[in-house]
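Colleague: A single structure is presented below for examination.
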Amino acid sequence: MIYENDFLFIEKENSQIPWVKIFTKENYRELSDCPTFLQNMLFQYVLACELSLKEYYNPEKINIASFANYVPRVHFHIMARFKEDGFFPECMWGKQQREIKDLKLPDFEGFVSILLKKVKNIHV
């Protein structure tokens with residue numbers, strides 16, 4: 001667990017790329033089922049994750065996804081993508097494009113430090 005408050009939590013996805021997930025604590029099926037304040041809060045936290053990934057990793061692209069087919073609960077995936085990652089330009093659930101050994105990325109804890117500073121400034 002990276003962060004949590006009364007309404008949501010952020011956790012790391014184990015992957016070859018920097019990837020976090022934001023979940024609502026209540027079991028809402030669709031974003032439109034969430035109260036308006038929570039929709040706004042989720043958007044602010046997704047942006048904080050995106051900006052932190054961009055700042056720390058300088059990726060080629062940020063991917064944001066929300067499928068919730070296997071886990072029928074509102075959540076978002078926020079991923080830093082690199083031309084050298086094993087799936088790029090495909091999505092991380094797509095067909096792997098190449099084998100990789102190590103992307104030689106900075107330590108994840110540095111990203112977490114930046115993210116936690118950003119989420120402290122969120123007031124919804």
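Every chain in the structure tokens takes a letter, A first, then B, and so on in the order presented; its residues are numbered from 1, and the ligands are numbered from 1 following the presented order.
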Excluding same-chain residues fewer than 5 positions from Tyr56 of chain A, what lies within 8 Å of it counting only C-alpha atoms, as an NGL selection string?
Modeller: :A and (110-111 or 114)
Colleague: Find the spatial neighbours of segment 69-82 of chain A, counting only C-alpha atoms, within a cut-off of 6 Å - ignore same-chain residues fewer than 6 positions away - and output them as a PyMOL selection string.
Modeller: chain A and resi 18-23+27-30+59-63
Colleague: Would you mind listing what lies within 12 Å of Gln16 of chain A as a PyMOL selection string, with only C-alpha atoms counted and same-chain residues fewer than 6 positions away left out?
Modeller: chain A and resi 79-82+84-88+92+96+99-105+108
Colleague: Can you pull out the residues contacting Glu109 of chain A? Cut-off 12 Å, using only C-alpha atoms, and skip same-chain residues under 6 positions away; I want them as a PDB file with N, CA and C atoms, in the first residue's frame.
Modeller:
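Final output, selection.pdb:
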ATOM      1  N   ILE A   2       0.630   2.134  -0.936  1.00  0.00           N
ATOM      2  CA  ILE A   2       1.400   3.372  -1.035  1.00  0.00           C
ATOM      3  C   ILE A   2       0.732   4.485  -0.239  1.00  0.00           C
ATOM      4  N   LYS A  12       0.902  -0.429  -5.550  1.00  0.00           N
ATOM      5  CA  LYS A  12       1.820  -0.705  -6.650  1.00  0.00           C
ATOM      6  C   LYS A  12       1.413  -2.001  -7.343  1.00  0.00           C
ATOM      7  N   PRO A  18       6.915   1.169 -14.107  1.00  0.00           N
ATOM      8  CA  PRO A  18       6.271   1.808 -12.952  1.00  0.00           C
ATOM      9  C   PRO A  18       4.765   1.870 -13.191  1.00  0.00           C
ATOM     10  N   SER A  52       3.430  12.699 -11.162  1.00  0.00           N
ATOM     11  CA  SER A  52       4.575  12.155 -10.427  1.00  0.00           C
ATOM     12  C   SER A  52       5.380  11.197 -11.297  1.00  0.00           C
ATOM     13  N   LEU A  53       4.691  10.346 -12.057  1.00  0.00           N
ATOM     14  CA  LEU A  53       5.390   9.434 -12.974  1.00  0.00           C
ATOM     15  C   LEU A  53       6.153  10.219 -14.028  1.00  0.00           C
ATOM     16  N   TYR A  56       9.272  12.001 -12.353  1.00  0.00           N
ATOM     17  CA  TYR A  56      10.345  11.139 -11.853  1.00  0.00           C
ATOM     18  C   TYR A  56      10.973  10.256 -12.932  1.00  0.00           C
ATOM     19  N   TYR A  57      10.164   9.718 -13.819  1.00  0.00           N
ATOM     20  CA  TYR A  57      10.669   8.735 -14.786  1.00  0.00           C
ATOM     21  C   TYR A  57      10.867   9.288 -16.200  1.00  0.00           C
ATOM     22  N   LEU A 115       5.055  11.404  -5.209  1.00  0.00           N
ATOM     23  CA  LEU A 115       3.607  11.218  -5.203  1.00  0.00           C
ATOM     24  C   LEU A 115       3.000  11.633  -3.867  1.00  0.00           C
ATOM     25  N   LEU A 116       3.597  11.219  -2.769  1.00  0.00           N
ATOM     26  CA  LEU A 116       3.047  11.542  -1.451  1.00  0.00           C
ATOM     27  C   LEU A 116       3.041  13.047  -1.192  1.00  0.00           C
TER      28      LEU A 116
END
Colleague: Hey, what does DSSP flag as helix (DSSP H, G or I) within chain A? Can you give it to me as a PyMOL selection string?
Modeller: chain A and resi 31-33+36-57+108-120
Colleague: I need the strand (DSSP E or B) residues of chain A per DSSP on the backbone, written as JSON, numbers by chain.
Modeller: {"A": [3, 4, 8, 9, 10, 11, 12, 19, 20, 21, 22, 23, 24, 61, 62, 63, 64, 65, 75, 76, 77, 78, 79, 80, 81]}
Colleague: What's around Lys25 of chain A at 9 Å? Count only C-alpha atoms, leave out sequence neighbours fewer than 3 positions away in its own chain, and write the answer as a list of chain:residue names.
Modeller: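 Near neighbours after the sequence-gap exclusion: A:Asn5, A:Asp6, A:Phe7, A:Leu8, A:Phe9, A:Tyr28.
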Colleague: Keeping only N, CA and C atoms, write those residues as a PDB file, in the first residue's frame.
Modeller:
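selection27.pdb, freshly written:
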ATOM      1  N   ASN A   5      -6.744   6.935   2.145  1.00  0.00           N
ATOM      2  CA  ASN A   5      -7.530   7.848   2.955  1.00  0.00           C
ATOM      3  C   ASN A   5      -8.874   7.167   3.218  1.00  0.00           C
ATOM      4  N   ASP A   6      -9.875   7.897   3.623  1.00  0.00           N
ATOM      5  CA  ASP A   6     -11.160   7.277   3.966  1.00  0.00           C
ATOM      6  C   ASP A   6     -11.922   6.761   2.744  1.00  0.00           C
ATOM      7  N   PHE A   7     -11.532   7.188   1.530  1.00  0.00           N
ATOM      8  CA  PHE A   7     -12.330   6.895   0.345  1.00  0.00           C
ATOM      9  C   PHE A   7     -11.627   6.066  -0.725  1.00  0.00           C
ATOM     10  N   LEU A   8     -10.298   6.073  -0.721  1.00  0.00           N
ATOM     11  CA  LEU A   8      -9.554   5.377  -1.770  1.00  0.00           C
ATOM     12  C   LEU A   8      -8.199   4.927  -1.257  1.00  0.00           C
ATOM     13  N   PHE A   9      -7.552   4.078  -2.044  1.00  0.00           N
ATOM     14  CA  PHE A   9      -6.179   3.698  -1.730  1.00  0.00           C
ATOM     15  C   PHE A   9      -5.397   3.501  -3.021  1.00  0.00           C
ATOM     16  N   TYR A  28     -18.047   0.375  -5.618  1.00  0.00           N
ATOM     17  CA  TYR A  28     -18.839   0.920  -6.716  1.00  0.00           C
ATOM     18  C   TYR A  28     -18.479   0.187  -8.001  1.00  0.00           C
TER      19      TYR A  28
END
Colleague: Looking at only C-alpha atoms, which of A:Glu26, A:Asp33, A:Glu50, A:Asp107 is the one that sits closest to Val119 of chain A?
Modeller: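 Checking each of A:Glu26, A:Asp33, A:Glu50, A:Asp107 against Val119 of chain A, counting only C-alpha atoms, the winner is A:Glu50.
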Colleague: So that I can see what lies close to Gln44 of chain A, please list as a PyMOL selection string the residues with an atom at most 12 Å from it, counting only C-alpha atoms and leaving out residues fewer than 2 positions away in the same chain.
Modeller: chain A and resi 8+22+37-42+46-51+115+118-124
Colleague: Just how far from atom CA of Leu31 of chain A is atom CA of Ile17 of chain A, in Å to one decimal?
Modeller: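 Distance between the two atoms: 25.8 Å.
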Colleague: Please determine, counting only C-alpha atoms, which residue among A:Glu13, A:Ser113, A:Pro35, A:Lys83 has the shortest atom-to-atom distance to Asn58 of chain A.
Modeller: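 Ranking A:Glu13, A:Ser113, A:Pro35, A:Lys83 by distance to Asn58 of chain A, first place goes to A:Lys83.
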Colleague: Determine the nearest neighbour of Met1 of chain A from the options A:Arg98, A:Val112, A:Cys91, A:Phe43, counting only C-alpha atoms.
Modeller: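 Using only C-alpha atoms, Met1 of chain A sits closest to A:Val112.
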Colleague: If I take atom CA of Ile64 of chain A and atom CA of Trp93 of chain A, how far is one from the other in Å, to one decimal?
Modeller: 12.6 Å
Colleague: Work out how far atom CA of Glu55 of chain A is from atom CA of Tyr3 of chain A, in Å to one decimal.
Modeller: 18.7 Å
